[in-house]
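For reference, target.cif (mmCIF, C-alpha atoms):
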```cif
data_my_file
loop_
_atom_site.label_atom_id
_atom_site.label_comp_id
_atom_site.auth_asym_id
_atom_site.auth_seq_id
_atom_site.Cartn_x
_atom_site.Cartn_y
_atom_site.Cartn_z
CA MET A 1 55.31 -22.01 -185.50
CA THR A 2 58.06 -23.05 -183.11
CA LYS A 3 57.62 -24.29 -179.57
CA THR A 4 60.18 -23.85 -176.82
CA ILE A 5 60.10 -23.91 -173.03
CA VAL A 6 60.90 -20.55 -171.46
CA VAL A 7 61.33 -19.40 -167.85
CA PRO A 8 60.39 -16.09 -166.21
CA GLY A 9 62.74 -13.30 -167.26
CA GLU A 10 64.10 -15.15 -170.27
CA LEU A 11 64.98 -12.98 -173.26
CA ILE A 12 62.65 -13.77 -176.16
CA SER A 13 63.47 -11.08 -178.65
CA ASP A 14 65.73 -8.03 -179.00
CA LYS A 15 62.86 -5.86 -180.13
CA ALA A 16 59.60 -4.92 -178.46
CA GLU A 17 56.85 -7.37 -179.40
CA ARG A 18 53.19 -7.67 -178.67
CA GLY A 19 51.46 -10.73 -177.32
CA SER A 20 50.39 -12.44 -174.11
CA GLY A 21 52.51 -13.78 -171.26
CA ILE A 22 55.38 -11.44 -172.13
CA TYR A 23 56.59 -8.00 -171.10
CA THR A 24 58.88 -5.49 -172.71
CA GLU A 25 61.57 -3.42 -171.09
CA ASN A 26 64.20 -1.24 -172.80
CA GLU A 27 62.95 -2.33 -176.24
CA LYS A 28 63.47 -5.98 -175.37
CA THR A 29 60.92 -8.74 -174.86
CA TYR A 30 61.03 -11.13 -171.92
CA SER A 31 58.86 -14.02 -170.76
CA LYS A 32 56.64 -13.67 -167.72
CA TYR A 33 55.89 -17.34 -167.08
CA LEU A 34 57.42 -20.74 -166.95
CA GLY A 35 55.65 -21.90 -170.06
CA VAL A 36 55.65 -22.77 -173.73
CA LEU A 37 56.64 -20.04 -176.18
CA TYR A 38 54.80 -19.92 -179.49
CA GLN A 39 56.43 -17.70 -182.08
CA GLY A 40 54.20 -17.32 -185.08
CA GLU A 41 52.38 -14.23 -186.23
CA ASP A 42 52.25 -13.03 -182.67
CA THR A 43 54.37 -14.05 -179.71
CA GLN A 44 52.75 -15.74 -176.77
CA VAL A 45 53.86 -17.63 -173.70
CA VAL A 46 51.34 -20.14 -172.39
CA PRO A 47 51.97 -21.00 -168.72
CA LEU A 48 52.44 -24.66 -167.83
CA ASN A 49 50.85 -24.37 -164.41
CA GLY A 50 48.50 -22.06 -162.58
CA LYS A 51 45.04 -21.65 -161.19
CA TYR A 52 41.79 -21.41 -163.11
CA THR A 53 41.10 -17.98 -164.59
CA PRO A 54 37.31 -17.68 -164.81
CA LYS A 55 35.71 -16.94 -168.16
CA GLU A 56 32.06 -16.22 -168.81
CA GLY A 57 30.17 -19.26 -170.10
CA ASP A 58 32.60 -21.91 -168.82
CA GLN A 59 31.27 -25.09 -167.33
CA ILE A 60 33.09 -25.91 -164.12
CA ILE A 61 32.93 -28.47 -161.34
CA GLY A 62 33.04 -27.23 -157.77
CA MET A 63 32.84 -28.67 -154.30
CA ILE A 64 30.79 -27.13 -151.54
CA THR A 65 33.11 -26.27 -148.68
CA ALA A 66 30.95 -24.25 -146.32
CA GLN A 67 27.43 -23.12 -145.80
CA ASP A 68 25.81 -20.29 -143.88
CA MET A 69 22.29 -18.94 -143.35
CA ASN A 70 21.85 -17.68 -146.90
CA GLY A 71 23.97 -19.84 -149.12
CA TYR A 72 27.03 -21.90 -149.91
CA ILE A 73 30.72 -21.29 -150.58
CA LEU A 74 32.25 -23.40 -153.35
CA ASP A 75 35.83 -24.40 -154.01
CA VAL A 76 36.45 -24.20 -157.74
CA LYS A 77 40.28 -24.08 -157.66
CA SER A 78 40.36 -20.44 -158.69
CA TYR A 79 41.65 -17.26 -157.06
CA HIS A 80 38.42 -16.60 -155.22
CA MET A 81 35.62 -18.78 -153.86
CA PRO A 82 32.21 -18.09 -155.41
CA TYR A 83 29.10 -17.78 -153.26
CA VAL A 84 25.72 -19.22 -154.23
CA HIS A 85 22.46 -18.08 -152.65
CA LYS A 86 20.13 -20.71 -151.27
CA ARG A 87 17.07 -19.21 -152.88
CA SER A 88 18.51 -19.94 -156.36
CA ILE A 89 18.64 -23.68 -155.65
CA LYS A 90 15.70 -25.91 -154.90
CA THR A 91 17.42 -28.73 -153.02
CA GLU A 92 19.29 -28.66 -149.75
CA LEU A 93 23.05 -29.18 -150.15
CA LYS A 94 25.79 -30.05 -147.70
CA PRO A 95 29.57 -29.57 -147.59
CA GLY A 96 31.34 -32.14 -149.74
CA ASP A 97 28.75 -32.18 -152.51
CA LEU A 98 30.03 -31.88 -156.04
CA MET A 99 28.22 -29.41 -158.27
CA LEU A 100 28.27 -28.76 -161.98
CA CYS A 101 28.18 -24.99 -162.41
CA GLN A 102 28.32 -22.38 -165.11
CA VAL A 103 30.17 -19.10 -164.85
CA ILE A 104 27.66 -16.36 -165.59
CA GLY A 105 29.79 -13.35 -164.81
CA VAL A 106 33.36 -12.32 -164.05
CA ASN A 107 34.36 -8.96 -162.63
CA GLU A 108 37.63 -7.05 -162.92
CA ILE A 109 39.25 -8.74 -159.93
CA LYS A 110 38.55 -12.21 -161.36
CA ASP A 111 35.77 -12.87 -158.87
CA MET A 112 32.93 -14.83 -160.45
CA THR A 113 29.20 -15.31 -160.18
CA ILE A 114 28.08 -18.86 -160.84
CA ASP A 115 24.90 -20.69 -161.53
CA ILE A 116 24.42 -24.22 -160.22
CA GLN A 117 23.23 -26.59 -162.92
CA ALA A 118 23.30 -30.06 -161.39
CA LYS A 119 24.50 -32.12 -158.48
CA LEU A 120 27.04 -34.79 -159.43
CA GLU A 121 26.58 -38.11 -157.68
CA ASP A 122 27.94 -41.68 -157.74
CA GLY A 123 31.34 -40.90 -159.12
CA ILE A 124 34.77 -39.74 -158.16
CA LEU A 125 36.55 -36.43 -158.51
CA LEU A 126 40.03 -36.17 -160.00
CA ASN A 127 41.88 -33.05 -160.89
CA VAL A 128 44.56 -31.64 -163.15
CA SER A 129 45.94 -28.14 -163.42
CA ALA A 130 43.45 -25.80 -165.11
CA LYS A 131 46.08 -24.87 -167.70
CA LYS A 132 46.21 -28.50 -168.87
CA VAL A 133 42.50 -28.92 -169.53
CA PRO A 134 42.84 -28.32 -173.31
CA ARG A 135 45.25 -31.27 -173.46
CA VAL A 136 42.90 -33.50 -171.46
CA ILE A 137 40.08 -32.70 -173.89
CA GLY A 138 42.16 -32.90 -177.06
CA LYS A 139 41.28 -31.74 -180.55
CA HIS A 140 37.55 -32.31 -181.10
CA ARG A 141 37.41 -34.16 -177.76
CA SER A 142 39.75 -36.84 -179.13
CA MET A 143 41.54 -37.45 -175.83
CA ILE A 144 38.32 -37.84 -173.83
CA THR A 145 36.94 -40.25 -176.42
CA LEU A 146 40.16 -42.26 -176.14
CA LEU A 147 40.02 -42.37 -172.34
CA GLU A 148 36.34 -43.31 -172.36
CA LYS A 149 37.07 -46.12 -174.79
CA PHE A 150 39.81 -47.64 -172.65
CA SER A 151 38.23 -47.20 -169.23
CA GLY A 152 34.55 -47.56 -170.05
CA SER A 153 33.81 -44.58 -167.81
CA LYS A 154 31.78 -41.48 -168.35
CA ILE A 155 34.10 -38.47 -168.08
CA LEU A 156 33.00 -34.91 -167.39
CA VAL A 157 35.76 -32.32 -167.61
CA GLY A 158 35.26 -28.94 -165.95
CA ALA A 159 37.12 -25.96 -167.37
CA ASN A 160 38.71 -25.45 -163.95
CA GLY A 161 40.54 -28.79 -164.06
CA ASN A 162 38.14 -30.78 -161.88
CA ILE A 163 37.20 -34.02 -163.59
CA PHE A 164 34.21 -36.14 -162.61
CA ILE A 165 34.21 -39.86 -163.46
CA GLN A 166 31.36 -42.32 -163.36
CA ASP A 167 31.35 -46.10 -163.87
CA GLY A 168 34.04 -48.13 -165.61
CA LYS A 169 37.57 -48.26 -164.30
CA PRO A 170 38.47 -44.85 -162.84
CA SER A 171 41.96 -46.07 -161.99
CA ILE A 172 42.86 -46.15 -165.69
CA VAL A 173 41.68 -42.56 -166.11
CA LYS A 174 43.55 -41.48 -163.00
CA ASN A 175 46.75 -43.02 -164.24
CA ALA A 176 46.30 -41.53 -167.71
CA LEU A 177 45.63 -38.06 -166.31
CA GLU A 178 48.90 -38.17 -164.39
CA VAL A 179 50.76 -39.01 -167.59
CA ILE A 180 48.96 -36.26 -169.52
CA SER A 181 49.83 -33.72 -166.83
CA LYS A 182 53.47 -34.74 -166.85
CA TYR A 183 53.85 -34.66 -170.64
CA SER A 184 51.42 -31.87 -171.49
CA HIS A 185 54.11 -30.06 -173.54
CA VAL A 186 54.62 -32.99 -175.97
CA ASP A 187 53.24 -32.93 -179.52
CA ASN A 188 50.70 -35.49 -180.79
CA LEU A 189 49.85 -36.52 -177.26
CA THR A 190 46.64 -38.32 -178.20
CA ASP A 191 48.44 -40.76 -180.52
CA LYS A 192 51.08 -41.42 -177.90
CA MET A 193 48.45 -41.94 -175.21
CA ASN A 194 46.80 -44.49 -177.47
CA ILE A 195 50.03 -46.51 -177.60
CA TYR A 196 50.53 -46.06 -173.86
CA LEU A 197 47.04 -47.23 -172.94
CA GLN A 198 47.29 -50.22 -175.23
CA LYS A 199 50.54 -51.24 -173.54
CA MET A 200 48.99 -50.89 -170.08
CA LYS A 201 46.12 -53.17 -170.99
CA MET B 1 86.71 -29.88 -140.31
CA VAL B 2 88.30 -28.99 -137.00
CA LYS B 3 86.44 -26.55 -134.86
CA ASN B 4 87.97 -23.61 -133.00
CA GLU B 5 90.84 -23.39 -135.42
CA GLU B 6 91.96 -19.85 -135.80
CA TRP B 7 93.00 -19.90 -139.46
CA TYR B 8 90.93 -19.14 -142.53
CA PHE B 9 93.48 -19.45 -145.36
CA ASP B 10 96.35 -21.88 -145.86
CA GLN B 11 99.71 -21.07 -147.46
CA LYS B 12 98.36 -21.63 -150.97
CA GLY B 13 95.53 -19.18 -150.42
CA LYS B 14 92.91 -21.91 -150.17
CA ARG B 15 90.19 -21.65 -147.58
CA PHE B 16 89.94 -24.00 -144.60
CA ASP B 17 87.52 -26.29 -146.47
CA GLY B 18 89.64 -26.34 -149.62
CA ARG B 19 87.71 -23.74 -151.61
CA GLY B 20 89.23 -20.86 -153.52
CA GLN B 21 88.65 -17.26 -152.48
CA PHE B 22 85.50 -16.71 -154.56
CA GLU B 23 84.39 -20.31 -154.93
CA GLN B 24 80.86 -21.33 -154.03
CA ARG B 25 79.86 -24.47 -152.25
CA PRO B 26 78.21 -27.06 -154.54
CA ILE B 27 74.57 -26.25 -155.30
CA ASN B 28 71.89 -28.80 -156.08
CA LEU B 29 68.39 -27.74 -157.17
CA LYS B 30 65.16 -29.68 -157.62
CA VAL B 31 61.69 -28.52 -158.67
CA GLY B 32 58.27 -30.07 -158.04
CA VAL B 33 59.00 -32.04 -154.88
CA ILE B 34 55.65 -31.58 -153.10
CA ASP B 35 52.61 -33.01 -154.88
CA ARG B 36 49.87 -31.11 -153.11
CA ALA B 37 51.48 -27.68 -153.30
CA ASP B 38 50.85 -25.42 -156.30
CA GLY B 39 54.59 -25.09 -156.73
CA SER B 40 57.57 -26.41 -154.82
CA ALA B 41 61.33 -26.67 -154.86
CA TYR B 42 64.24 -28.11 -152.89
CA VAL B 43 67.67 -26.54 -152.70
CA GLU B 44 70.90 -27.91 -151.34
CA TRP B 45 73.69 -25.38 -150.98
CA GLY B 46 76.69 -27.03 -149.39
CA GLN B 47 75.33 -28.32 -146.13
CA ASN B 48 72.26 -26.04 -146.25
CA LYS B 49 68.99 -27.66 -147.20
CA ALA B 50 65.71 -25.86 -147.78
CA VAL B 51 62.26 -26.94 -149.00
CA ALA B 52 59.83 -24.35 -150.34
CA ALA B 53 56.12 -24.73 -151.08
CA VAL B 54 53.87 -22.14 -152.72
CA TYR B 55 50.09 -22.07 -152.32
CA GLY B 56 48.01 -19.61 -154.24
CA PRO B 57 47.06 -17.06 -155.34
CA ARG B 58 44.19 -17.88 -153.01
CA GLU B 59 41.63 -16.10 -150.90
CA MET B 60 43.19 -13.88 -148.25
CA LEU B 61 42.02 -14.74 -144.76
CA PRO B 62 41.40 -12.78 -142.57
CA LYS B 63 39.71 -10.70 -145.24
CA HIS B 64 40.62 -7.30 -143.80
CA MET B 65 44.29 -8.05 -144.54
CA ALA B 66 43.63 -8.26 -148.27
CA ASN B 67 45.04 -5.57 -150.51
CA PRO B 68 42.45 -4.50 -153.09
CA ASN B 69 45.17 -3.46 -155.54
CA LYS B 70 47.41 -6.50 -155.65
CA ALA B 71 48.21 -9.88 -154.18
CA THR B 72 50.12 -10.15 -150.91
CA ILE B 73 53.05 -12.51 -150.55
CA ARG B 74 53.15 -14.13 -147.14
CA TYR B 75 56.59 -15.61 -146.68
CA PHE B 76 57.26 -18.02 -143.84
CA TYR B 77 60.91 -18.77 -143.18
CA ARG B 78 61.18 -21.44 -140.51
CA MET B 79 64.04 -23.51 -139.19
CA ALA B 80 63.46 -27.10 -138.22
CA PRO B 81 64.39 -27.88 -134.60
CA PHE B 82 67.04 -30.34 -135.83
CA SER B 83 68.62 -27.98 -138.35
CA VAL B 84 71.29 -26.65 -136.00
CA PRO B 85 73.65 -28.41 -133.52
CA ASP B 86 71.69 -27.24 -130.46
CA ARG B 87 67.95 -27.76 -130.66
CA LYS B 88 66.18 -24.75 -132.12
CA ASN B 89 62.98 -23.79 -130.36
CA PRO B 90 60.29 -24.24 -133.02
CA LYS B 91 58.59 -21.00 -132.00
CA PRO B 92 59.45 -18.38 -134.64
CA GLY B 93 61.88 -15.95 -133.12
CA ARG B 94 63.01 -12.42 -133.93
CA ARG B 95 65.48 -13.63 -136.56
CA GLU B 96 62.94 -15.75 -138.46
CA ILE B 97 60.31 -13.04 -138.49
CA GLU B 98 62.82 -10.54 -139.85
CA ILE B 99 64.07 -12.88 -142.57
CA SER B 100 60.48 -13.66 -143.55
CA LYS B 101 59.76 -9.96 -143.95
CA VAL B 102 62.77 -9.06 -146.08
CA SER B 103 62.59 -12.19 -148.24
CA GLY B 104 58.88 -11.69 -148.86
CA GLU B 105 59.59 -8.14 -150.01
CA ALA B 106 62.34 -9.42 -152.30
CA LEU B 107 59.94 -11.83 -153.99
CA SER B 108 57.28 -9.12 -154.26
CA ARG B 109 59.64 -7.15 -156.51
CA ALA B 110 59.94 -10.07 -158.91
CA ALA B 111 56.35 -11.34 -159.04
CA GLU B 112 53.66 -9.48 -160.92
CA LEU B 113 51.11 -9.17 -158.16
CA GLU B 114 48.77 -6.63 -159.76
CA GLN B 115 47.05 -9.43 -161.67
CA PHE B 116 45.57 -10.97 -158.54
CA PRO B 117 43.93 -8.33 -156.36
CA ASN B 118 42.57 -9.33 -152.94
CA THR B 119 44.49 -12.60 -152.85
CA ALA B 120 47.34 -14.08 -150.86
CA ILE B 121 50.29 -16.10 -152.10
CA ASP B 122 51.65 -18.22 -149.28
CA VAL B 123 55.28 -19.27 -149.43
CA PHE B 124 56.46 -21.72 -146.79
CA VAL B 125 60.17 -22.40 -146.56
CA THR B 126 61.62 -24.86 -144.06
CA ILE B 127 65.32 -25.08 -143.38
CA LEU B 128 66.20 -28.71 -142.76
CA ASP B 129 69.93 -28.24 -142.28
CA ALA B 130 71.85 -25.02 -141.69
CA ASN B 131 75.44 -23.93 -142.12
CA ALA B 132 75.44 -20.15 -142.79
CA GLY B 133 73.68 -18.60 -145.76
CA THR B 134 70.25 -20.12 -145.20
CA ARG B 135 68.23 -17.00 -146.05
CA ILE B 136 69.63 -17.05 -149.58
CA THR B 137 69.17 -20.82 -149.87
CA ALA B 138 65.55 -20.32 -148.81
CA LEU B 139 65.05 -17.47 -151.25
CA LEU B 140 66.39 -19.52 -154.18
CA ALA B 141 63.98 -22.33 -153.32
CA ALA B 142 61.08 -19.90 -152.96
CA SER B 143 61.84 -18.26 -156.30
CA LEU B 144 61.89 -21.62 -158.09
CA ALA B 145 58.68 -22.68 -156.37
CA LEU B 146 56.98 -19.43 -157.39
CA ALA B 147 57.94 -19.97 -161.04
CA ASP B 148 56.78 -23.58 -160.79
CA ALA B 149 53.39 -22.44 -159.46
CA GLY B 150 52.81 -20.50 -162.68
CA ILE B 151 52.85 -17.05 -161.11
CA PRO B 152 53.89 -14.29 -163.54
CA MET B 153 57.32 -12.95 -162.69
CA LYS B 154 59.63 -10.28 -164.11
CA ASP B 155 62.66 -12.40 -163.41
CA LEU B 156 63.88 -15.21 -161.19
CA VAL B 157 65.36 -14.10 -157.89
CA SER B 158 68.87 -15.35 -157.40
CA GLY B 159 71.33 -14.53 -154.70
CA THR B 160 74.47 -15.33 -152.86
CA SER B 161 76.20 -14.32 -149.69
CA VAL B 162 79.55 -12.61 -149.78
CA GLY B 163 81.71 -11.15 -147.05
CA LYS B 164 85.05 -11.09 -145.35
CA ALA B 165 86.92 -13.39 -143.00
CA GLY B 166 90.56 -13.63 -141.95
CA GLY B 167 91.28 -10.24 -143.52
CA LYS B 168 90.28 -11.24 -147.06
CA LEU B 169 87.12 -10.79 -149.09
CA ILE B 170 85.40 -14.11 -149.78
CA SER B 171 82.14 -15.33 -151.21
CA ASP B 172 79.70 -17.85 -149.76
CA LEU B 173 80.76 -17.91 -146.10
CA SER B 174 80.41 -21.08 -144.10
CA LYS B 175 79.61 -21.15 -140.39
CA HIS B 176 83.27 -21.32 -139.41
CA GLU B 177 84.06 -18.21 -141.45
CA GLU B 178 80.99 -16.38 -140.23
CA ASP B 179 82.27 -16.78 -136.66
CA ALA B 180 85.65 -15.18 -137.46
CA PRO B 181 86.53 -12.20 -135.25
CA ASP B 182 86.61 -9.81 -138.23
CA ALA B 183 83.78 -11.47 -140.16
CA VAL B 184 81.47 -9.50 -142.44
CA ASP B 185 78.42 -11.26 -143.81
CA LEU B 186 76.60 -9.66 -146.74
CA PRO B 187 73.73 -11.72 -148.13
CA ILE B 188 72.54 -10.23 -151.38
CA ALA B 189 69.73 -11.15 -153.79
CA MET B 190 69.19 -9.71 -157.25
CA LEU B 191 67.11 -9.87 -160.39
CA PRO B 192 69.98 -10.79 -162.73
CA ASN B 193 68.39 -9.29 -165.88
CA SER B 194 68.24 -5.75 -164.55
CA ASP B 195 70.88 -6.05 -161.81
CA GLU B 196 68.26 -4.79 -159.39
CA VAL B 197 69.15 -5.55 -155.79
CA VAL B 198 66.10 -6.88 -153.96
CA LEU B 199 67.66 -8.01 -150.70
CA MET B 200 70.78 -6.83 -148.95
CA GLN B 201 71.76 -7.12 -145.33
CA MET B 202 75.16 -6.57 -143.81
CA ASP B 203 76.65 -7.32 -140.45
CA GLY B 204 80.14 -5.99 -139.85
CA PRO B 205 82.13 -3.12 -141.34
CA LEU B 206 83.46 -2.86 -144.90
CA THR B 207 85.23 0.06 -146.57
CA GLU B 208 83.62 1.59 -149.64
CA LYS B 209 86.30 0.11 -151.90
CA GLU B 210 85.86 -3.36 -150.42
CA PHE B 211 82.09 -3.06 -150.71
CA ASN B 212 82.19 -2.18 -154.40
CA GLU B 213 84.63 -4.97 -155.10
CA ILE B 214 82.56 -7.60 -153.32
CA LEU B 215 79.35 -6.36 -154.93
CA GLU B 216 80.86 -7.06 -158.34
CA VAL B 217 81.74 -10.61 -157.21
CA ALA B 218 78.21 -11.10 -155.93
CA ARG B 219 76.72 -9.88 -159.21
CA LYS B 220 78.79 -12.37 -161.15
CA SER B 221 77.86 -15.35 -158.98
CA CYS B 222 74.18 -14.35 -159.06
CA LYS B 223 74.27 -14.73 -162.84
CA GLU B 224 75.91 -18.15 -162.51
CA ILE B 225 73.26 -19.26 -160.04
CA LYS B 226 70.50 -17.98 -162.30
CA ASP B 227 71.80 -20.18 -165.11
CA MET B 228 71.50 -23.17 -162.78
CA GLN B 229 67.93 -22.17 -161.86
CA VAL B 230 66.97 -21.84 -165.53
CA LYS B 231 68.50 -25.21 -166.30
CA VAL B 232 66.64 -27.05 -163.55
CA LEU B 233 63.29 -25.46 -164.48
CA LYS B 234 63.68 -26.53 -168.11
CA GLU B 235 65.01 -29.98 -167.33
CA ARG B 236 61.60 -31.28 -166.28
CA PHE B 237 60.17 -30.73 -169.74
CA LYS B 238 63.10 -32.13 -171.65
CA ASP B 239 62.25 -35.81 -171.79
CA ASP B 240 60.05 -36.86 -174.65
CA PHE B 241 57.13 -39.21 -174.29
CA ASN B 242 56.68 -42.09 -176.71
CA GLY B 243 53.95 -44.13 -175.15
CA ASP B 244 55.85 -45.80 -172.35
#
```

So that I can check it, write out the structure of this file as structure tokens.
Amino acid sequence: MTKTIVVPGELISDKAERGSGIYTENEKTYSKYLGVLYQGEDTQVVPLNGKYTPKEGDQIIGMITAQDMNGYILDVKSYHMPYVHKRSIKTELKPGDLMLCQVIGVNEIKDMTIDIQAKLEDGILLNVSAKKVPRVIGKHRSMITLLEKFSGSKILVGANGNIFIQDGKPSIVKNALEVISKYSHVDNLTDKMNIYLQKMK
Amino acid sequence: MVKNEEWYFDQKGKRFDGRGQFEQRPINLKVGVIDRADGSAYVEWGQNKAVAAVYGPREMLPKHMANPNKATIRYFYRMAPFSVPDRKNPKPGRREIEISKVSGEALSRAAELEQFPNTAIDVFVTILDANAGTRITALLAASLALADAGIPMKDLVSGTSVGKAGGKLISDLSKHEEDAPDAVDLPIAMLPNSDEVVLMQMDGPLTEKEFNEILEVARKSCKEIKDMQVKVLKERFKDDFNGD
């Protein structure tokens, strides 16, 4: 399995291949994204940046941006803004509130239906690109455990890249997230973050 | 640089600013210059300077403008009031609206918009300093910003402006050459992989032979410029991280 950075339109292979993030033209394979190319059993290009693509069952964090007679509009950093009906929630909400939600349905134009699970209070909201969330979580949540250890905060990561932090020292988490976003393409990031955080202490 | 001089080539065949016949001005590219944009880029091409910011794909407002089959690219080419010697009225004029239209269409050929129905991709390009060839400078910046924003694209858009001044075909005209009495300006943008022309405008007459010759020159410099774009996009992910 080799990893390389590719740009849109870059030639990957001289024969037509199957996979994601690529396209074929005249029996040749090109990249579609600025991303990381994985060439193993199948070829795939994982984009390095981009908005959240909703998936059924994901837990996300959204902010209420507007309200009307019947419900609320949430900003979840995706392509569309989901709408929640008032009758499905018991409490009154106002713009600026942070909500923990679950995606319960996605249609063919990537518009989603969501279910509000809880209101998030007494904390701060940080964000990273949705495509970098797997790196923020780490293998078996190793990166979150590391960050919680060093900052003493409670960290809740939404699949859309919104991150909610309670207690402890949020500034450490904020700083660490910036480093993770910048070096998201590096191998063994958790080990390197461990060294980094120890140095910062 | 002396203004109002009526020569375009010296005895050695060099141009008035010391360049060769088909030599470009120095190009300097930068990606990721605006934190709050989804993607951004800065391009310096000789004296030209352009900043591009991409937002989206995001909800199209007003909603009736949305295309239910694909995303819409809204391209805003704007010149800063201080970008030209005389103050430019900040109100977008005929020229800016036209350039916005053709450049937006050029980008639409490269980006894969079918993935994001009903959305808008906003591209804002501001020209900070101008000296002929700004629409291509802007388009290069926009293309880099679009790639940086993680939008799927067939290819990067690269371009150059070619033309004629002082009776000879030249590439990358500067303002002095563009004002020549026999000047022809031919900005051209391509997708270098397929040689597909996505933007071409011409002011002034060229014979068919001249046109074919200059098109070949443009194609070659587009490929050179694409290599620079590829290099700058990859450069950001080059440095390794070892815990410091």

Got a sec to resolve the PyMOL selection byres ((chain B and resi 56-73) around 10) on this structure and send the residues as a ChimeraX atom specification?
/A:50-51,77-81,109 /B:37-39,54-55,74-76,101,103-108,111-123,146,149-151

Applying 6 Å and only C-alpha atoms, which residues near region 229-244 of chain B remain after dropping the ones on its own chain fewer than 3 positions away? List them as a list of chain:residue names.
A:Lys192, A:Met193, A:Ile195, A:Tyr196, B:Lys226

Using only C-alpha atoms, which protein or nucleic acid residues come within 6 Å of Ser153 (chain A)? Drop anything in the same chain fewer than 4 positions from it, and give the result as a compact mmCIF listing (two decimals) with C-alpha atoms, in the coordinates of the input.
```txt
# COMPACT_ATOMS: atom_id res chain seq x y z
CA GLU A 148 36.34 -43.31 -172.36
CA GLN A 166 31.36 -42.32 -163.36
CA ASP A 167 31.35 -46.10 -163.87
CA GLY A 168 34.04 -48.13 -165.61
```

Quick one: apply the PyMOL selection byres ((chain A and resi 4) around 12) to the file and drop the selected residues here as a CSV table (one decimal) with C-alpha atoms, in the frame of the given file.
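Output (result-v2.csv):
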```csv
chain,number,residue,atom,x,y,z
A,1,MET,CA,55.3,-22.0,-185.5
A,2,THR,CA,58.1,-23.0,-183.1
A,3,LYS,CA,57.6,-24.3,-179.6
A,5,ILE,CA,60.1,-23.9,-173.0
A,6,VAL,CA,60.9,-20.6,-171.5
A,7,VAL,CA,61.3,-19.4,-167.8
A,10,GLU,CA,64.1,-15.2,-170.3
A,12,ILE,CA,62.6,-13.8,-176.2
A,31,SER,CA,58.9,-14.0,-170.8
A,34,LEU,CA,57.4,-20.7,-167.0
A,35,GLY,CA,55.6,-21.9,-170.1
A,36,VAL,CA,55.6,-22.8,-173.7
A,37,LEU,CA,56.6,-20.0,-176.2
A,38,TYR,CA,54.8,-19.9,-179.5
A,39,GLN,CA,56.4,-17.7,-182.1
A,43,THR,CA,54.4,-14.0,-179.7
A,44,GLN,CA,52.8,-15.7,-176.8
A,45,VAL,CA,53.9,-17.6,-173.7
A,46,VAL,CA,51.3,-20.1,-172.4
A,47,PRO,CA,52.0,-21.0,-168.7
A,48,LEU,CA,52.4,-24.7,-167.8
A,185,HIS,CA,54.1,-30.1,-173.5
A,186,VAL,CA,54.6,-33.0,-176.0
A,187,ASP,CA,53.2,-32.9,-179.5
B,234,LYS,CA,63.7,-26.5,-168.1
B,237,PHE,CA,60.2,-30.7,-169.7
B,238,LYS,CA,63.1,-32.1,-171.6
```

What residues come out when you apply the PyMOL selection byres ((chain A and resi 32) around 6) to this file, written as a PyMOL selection string?
(chain A and resi 8+21-22+31+33) or (chain B and resi 152-154)

Would you list the contacts of Ser194 (chain B) as a list in words, taking every protein, DNA or RNA residue within 10 Å and counting all atoms listed in the file, but skipping same-chain residues closer than 2 positions in sequence?
Gly9 and Glu25 of chain A; Lys154, Asp155, Met190, Leu191, Pro192, Glu196 and Val197 of chain B

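Compared by their closest atoms to Glu41 (chain A), and using only C-alpha atoms, the residues A:Tyr183, A:Arg18, A:Val103, A:Pro95 rank with A:Arg18 nearest.
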
For Glu177 (chain B), please output as a PyMOL selection string all residues within 9 Å (counting only C-alpha atoms; exclusion window: fewer than 6 positions along the same chain).
chain B and resi 8+16+132+164-166+183

Please provide as a CSV table (one decimal) with C-alpha atoms, keeping the file's coordinate frame all residues within 12 Å of Ser40 (chain B), with the sequence filter that same-chain residues fewer than 6 positions apart are discarded (counting all atoms listed in the file).
```csv
chain,number,residue,atom,x,y,z
A,49,ASN,CA,50.8,-24.4,-164.4
B,29,LEU,CA,68.4,-27.7,-157.2
B,30,LYS,CA,65.2,-29.7,-157.6
B,31,VAL,CA,61.7,-28.5,-158.7
B,32,GLY,CA,58.3,-30.1,-158.0
B,33,VAL,CA,59.0,-32.0,-154.9
B,34,ILE,CA,55.6,-31.6,-153.1
B,50,ALA,CA,65.7,-25.9,-147.8
B,51,VAL,CA,62.3,-26.9,-149.0
B,52,ALA,CA,59.8,-24.4,-150.3
B,53,ALA,CA,56.1,-24.7,-151.1
B,54,VAL,CA,53.9,-22.1,-152.7
B,55,TYR,CA,50.1,-22.1,-152.3
B,56,GLY,CA,48.0,-19.6,-154.2
B,122,ASP,CA,51.6,-18.2,-149.3
B,123,VAL,CA,55.3,-19.3,-149.4
B,124,PHE,CA,56.5,-21.7,-146.8
B,125,VAL,CA,60.2,-22.4,-146.6
B,126,THR,CA,61.6,-24.9,-144.1
B,138,ALA,CA,65.6,-20.3,-148.8
B,140,LEU,CA,66.4,-19.5,-154.2
B,141,ALA,CA,64.0,-22.3,-153.3
B,142,ALA,CA,61.1,-19.9,-153.0
B,143,SER,CA,61.8,-18.3,-156.3
B,144,LEU,CA,61.9,-21.6,-158.1
B,145,ALA,CA,58.7,-22.7,-156.4
B,146,LEU,CA,57.0,-19.4,-157.4
B,147,ALA,CA,57.9,-20.0,-161.0
B,148,ASP,CA,56.8,-23.6,-160.8
B,149,ALA,CA,53.4,-22.4,-159.5
B,150,GLY,CA,52.8,-20.5,-162.7
B,233,LEU,CA,63.3,-25.5,-164.5
```

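Closest approach to chain B among A:Leu146, A:Met99, A:Met200, A:Ile163 is made by A:Met200 (distances from all atoms listed in the file).
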